[in-house]
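Enquirer: The file below is coords.pdb, PDB, C-alpha atoms:
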ATOM      1  CA  PRO C   1       0.000   0.000   0.000  1.00  0.00           C
ATOM      2  CA  GLU C   2       1.084   3.549  -0.679  1.00  0.00           C
ATOM      3  CA  GLN C   3       2.413   5.580   2.192  1.00  0.00           C
ATOM      4  CA  GLU C   4      -0.111   8.166   3.276  1.00  0.00           C
ATOM      5  CA  VAL C   5       1.363  11.535   2.341  1.00  0.00           C
ATOM      6  CA  SER C   6       0.069  14.665   3.974  1.00  0.00           C
ATOM      7  CA  ASN C   7       1.322  18.184   4.339  1.00  0.00           C
ATOM      8  CA  LYS C   8       0.849  18.023   8.092  1.00  0.00           C
ATOM      9  CA  THR C   9       3.978  18.289  10.171  1.00  0.00           C
ATOM     10  CA  TYR C  10       4.556  17.604  13.833  1.00  0.00           C
ATOM     11  CA  ILE C  11       6.800  19.331  16.309  1.00  0.00           C
ATOM     12  CA  MET C  12       7.978  18.101  19.662  1.00  0.00           C
ATOM     13  CA  GLN C  13       8.399  20.521  22.544  1.00  0.00           C
ATOM     14  CA  CYS C  14      10.554  19.298  25.397  1.00  0.00           C
ATOM     15  CA  GLY C  15      10.551  22.311  27.656  1.00  0.00           C
ATOM     16  CA  SER C  16       9.478  25.884  28.177  1.00  0.00           C
ATOM     17  CA  PHE C  17      11.594  28.080  30.393  1.00  0.00           C
ATOM     18  CA  ARG C  18      11.691  31.627  31.659  1.00  0.00           C
ATOM     19  CA  ARG C  19      15.482  31.712  31.605  1.00  0.00           C
ATOM     20  CA  LEU C  20      17.453  31.165  28.419  1.00  0.00           C
ATOM     21  CA  GLU C  21      20.194  29.306  30.334  1.00  0.00           C
ATOM     22  CA  GLN C  22      17.673  26.637  31.362  1.00  0.00           C
ATOM     23  CA  ALA C  23      16.560  26.181  27.754  1.00  0.00           C
ATOM     24  CA  GLU C  24      20.176  25.996  26.554  1.00  0.00           C
ATOM     25  CA  ALA C  25      20.958  23.384  29.226  1.00  0.00           C
ATOM     26  CA  MET C  26      18.102  21.198  27.993  1.00  0.00           C
ATOM     27  CA  ARG C  27      19.203  21.723  24.393  1.00  0.00           C
ATOM     28  CA  ALA C  28      22.664  20.476  25.381  1.00  0.00           C
ATOM     29  CA  LYS C  29      21.199  17.379  27.094  1.00  0.00           C
ATOM     30  CA  ILE C  30      19.256  16.613  23.925  1.00  0.00           C
ATOM     31  CA  ALA C  31      22.386  17.118  21.809  1.00  0.00           C
ATOM     32  CA  PHE C  32      24.186  14.511  23.943  1.00  0.00           C
ATOM     33  CA  GLN C  33      21.561  12.057  22.678  1.00  0.00           C
ATOM     34  CA  GLY C  34      22.503  12.899  19.097  1.00  0.00           C
ATOM     35  CA  LEU C  35      19.365  14.927  18.387  1.00  0.00           C
ATOM     36  CA  GLU C  36      19.142  18.466  17.117  1.00  0.00           C
ATOM     37  CA  SER C  37      16.811  20.871  18.892  1.00  0.00           C
ATOM     38  CA  ASN C  38      16.205  24.588  18.718  1.00  0.00           C
ATOM     39  CA  VAL C  39      15.361  27.232  21.278  1.00  0.00           C
ATOM     40  CA  LYS C  40      12.432  29.379  20.156  1.00  0.00           C
ATOM     41  CA  THR C  41      11.863  32.544  22.138  1.00  0.00           C
ATOM     42  CA  THR C  42       8.368  33.972  22.282  1.00  0.00           C
ATOM     43  CA  ASP C  43       7.198  37.149  23.943  1.00  0.00           C
ATOM     44  CA  GLY C  44       3.476  37.029  24.604  1.00  0.00           C
ATOM     45  CA  LYS C  45       1.034  38.219  27.196  1.00  0.00           C
ATOM     46  CA  ASN C  46       2.519  35.684  29.620  1.00  0.00           C
ATOM     47  CA  GLY C  47       5.969  37.216  29.190  1.00  0.00           C
ATOM     48  CA  VAL C  48       9.063  35.791  27.559  1.00  0.00           C
ATOM     49  CA  TRP C  49       9.379  32.010  27.220  1.00  0.00           C
ATOM     50  CA  HIS C  50      12.216  29.977  25.738  1.00  0.00           C
ATOM     51  CA  ARG C  51      10.831  26.766  24.250  1.00  0.00           C
ATOM     52  CA  VAL C  52      13.015  23.788  23.347  1.00  0.00           C
ATOM     53  CA  VAL C  53      11.608  22.171  20.211  1.00  0.00           C
ATOM     54  CA  LEU C  54      12.530  19.395  17.793  1.00  0.00           C
ATOM     55  CA  GLY C  55      11.206  18.850  14.315  1.00  0.00           C
ATOM     56  CA  PRO C  56       9.331  19.385  12.163  1.00  0.00           C
ATOM     57  CA  TYR C  57       8.556  15.722  11.612  1.00  0.00           C
ATOM     58  CA  LYS C  58       6.632  14.419   8.624  1.00  0.00           C
ATOM     59  CA  SER C  59       4.906  11.795  10.746  1.00  0.00           C
ATOM     60  CA  LYS C  60       4.023  11.442  14.396  1.00  0.00           C
ATOM     61  CA  ARG C  61       5.906   8.125  14.402  1.00  0.00           C
ATOM     62  CA  GLN C  62       9.198   9.920  13.658  1.00  0.00           C
ATOM     63  CA  GLY C  63       8.617  12.218  16.601  1.00  0.00           C
ATOM     64  CA  GLU C  64       7.690   9.311  18.853  1.00  0.00           C
ATOM     65  CA  ARG C  65      10.952   7.566  17.975  1.00  0.00           C
ATOM     66  CA  ASP C  66      12.959  10.605  19.130  1.00  0.00           C
ATOM     67  CA  ARG C  67      10.756  11.024  22.189  1.00  0.00           C
ATOM     68  CA  HIS C  68      11.423   7.427  23.252  1.00  0.00           C
ATOM     69  CA  LYS C  69      15.146   7.954  22.772  1.00  0.00           C
ATOM     70  CA  LEU C  70      14.979  11.010  25.049  1.00  0.00           C
ATOM     71  CA  GLN C  71      12.840   9.169  27.612  1.00  0.00           C
ATOM     72  CA  ARG C  72      15.590   6.559  27.913  1.00  0.00           C
ATOM     73  CA  ALA C  73      17.910   9.456  28.805  1.00  0.00           C
ATOM     74  CA  SER C  74      15.461  10.647  31.514  1.00  0.00           C
ATOM     75  CA  ILE C  75      14.130  13.554  29.455  1.00  0.00           C
ATOM     76  CA  THR C  76      10.441  12.916  30.012  1.00  0.00           C
ATOM     77  CA  THR C  77       8.834  16.305  29.361  1.00  0.00           C
ATOM     78  CA  CYS C  78       8.494  16.095  25.571  1.00  0.00           C
ATOM     79  CA  ARG C  79       5.087  16.501  23.919  1.00  0.00           C
ATOM     80  CA  ILE C  80       4.285  16.104  20.221  1.00  0.00           C
ATOM     81  CA  TRP C  81       1.645  18.021  18.342  1.00  0.00           C
ATOM     82  CA  LEU C  82       0.540  19.096  14.899  1.00  0.00           C
ATOM     83  CA  ARG C  83       2.148  22.237  13.715  1.00  0.00           C
TER      84      ARG C  83
END
Could you write out this file's structure as structure tokens?

Expert:
Amino acid sequence: PEQEVSNKTYIMQCGSFRRLEQAEAMRAKIAFQGLESNVKTTDGKNGVWHRVVLGPYKSKRQGERDRHKLQRASITTCRIWLR
């Protein structure tokens, strides 16, 4: 059967921090697992937040694979959602 192709993408957020140093520390922990993440800074009505995100992923399964890898390294705060 053909692979279902959609233009949906998923992102995984592993943390949201007030202080950039905290976000960078998590990014480093993720890098030790061989995964690339980015720190996205947003300034909204709740103030400034530094979010640690991975992706985009073409399928939720790809994100789940990375999430399980991080869970084995005791990084258990990752959530996946449609972008």

Enquirer: Which residues fall under the PyMOL selection byres ((chain C and resi 28-32) around 12) in this file, as a PyMOL selection string?

Expert: chain C and resi 13-15+21-27+33-39+52-54+66-67+69-78

Enquirer: Applied to the shown file, which residues does the PyMOL selection byres ((chain C and resi 10) around 6) return, written as a ChimeraX atom specification?

Expert: /C:9,11,56-57,81-83

Enquirer: Here's the selection I'm unsure about, the PyMOL selection byres ((chain C and resi 58) around 9); applied to the file above, which residues does it give, as a short mmCIF file (atom, residue, chain, number, x, y, z; two decimals) with C-alpha atoms, keeping the file's coordinate frame?

Expert:
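And here's part.cif as it stands now:
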data_model
loop_
_atom_site.label_atom_id
_atom_site.label_comp_id
_atom_site.auth_asym_id
_atom_site.auth_seq_id
_atom_site.Cartn_x
_atom_site.Cartn_y
_atom_site.Cartn_z
CA VAL C 5 1.36 11.54 2.34
CA SER C 6 0.07 14.66 3.97
CA ASN C 7 1.32 18.18 4.34
CA LYS C 8 0.85 18.02 8.09
CA THR C 9 3.98 18.29 10.17
CA TYR C 10 4.56 17.60 13.83
CA GLY C 55 11.21 18.85 14.32
CA PRO C 56 9.33 19.39 12.16
CA TYR C 57 8.56 15.72 11.61
CA SER C 59 4.91 11.80 10.75
CA LYS C 60 4.02 11.44 14.40
CA ARG C 61 5.91 8.12 14.40
CA GLN C 62 9.20 9.92 13.66
CA GLY C 63 8.62 12.22 16.60
#

Enquirer: What's the separation between atom CA of Asp43 of chain C and atom CA of Met12 of chain C, in Å to one decimal place?

Expert: 19.5 Å

Enquirer: What does the distance between atom CA of Arg79 of chain C and atom CA of Lys40 of chain C come to in Å, to one decimal place?

Expert: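 Distance reported for this atom pair: 15.3 Å.
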
Enquirer: Given the choices C:Gly44, C:Ile80, C:His68, C:Arg51, which gets closest to Leu20 of chain C if the distance is worked out from all atoms listed in the file?

Expert: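 Of C:Gly44, C:Ile80, C:His68, C:Arg51, the one nearest Leu20 of chain C, counting all atoms listed in the file, is C:Arg51.
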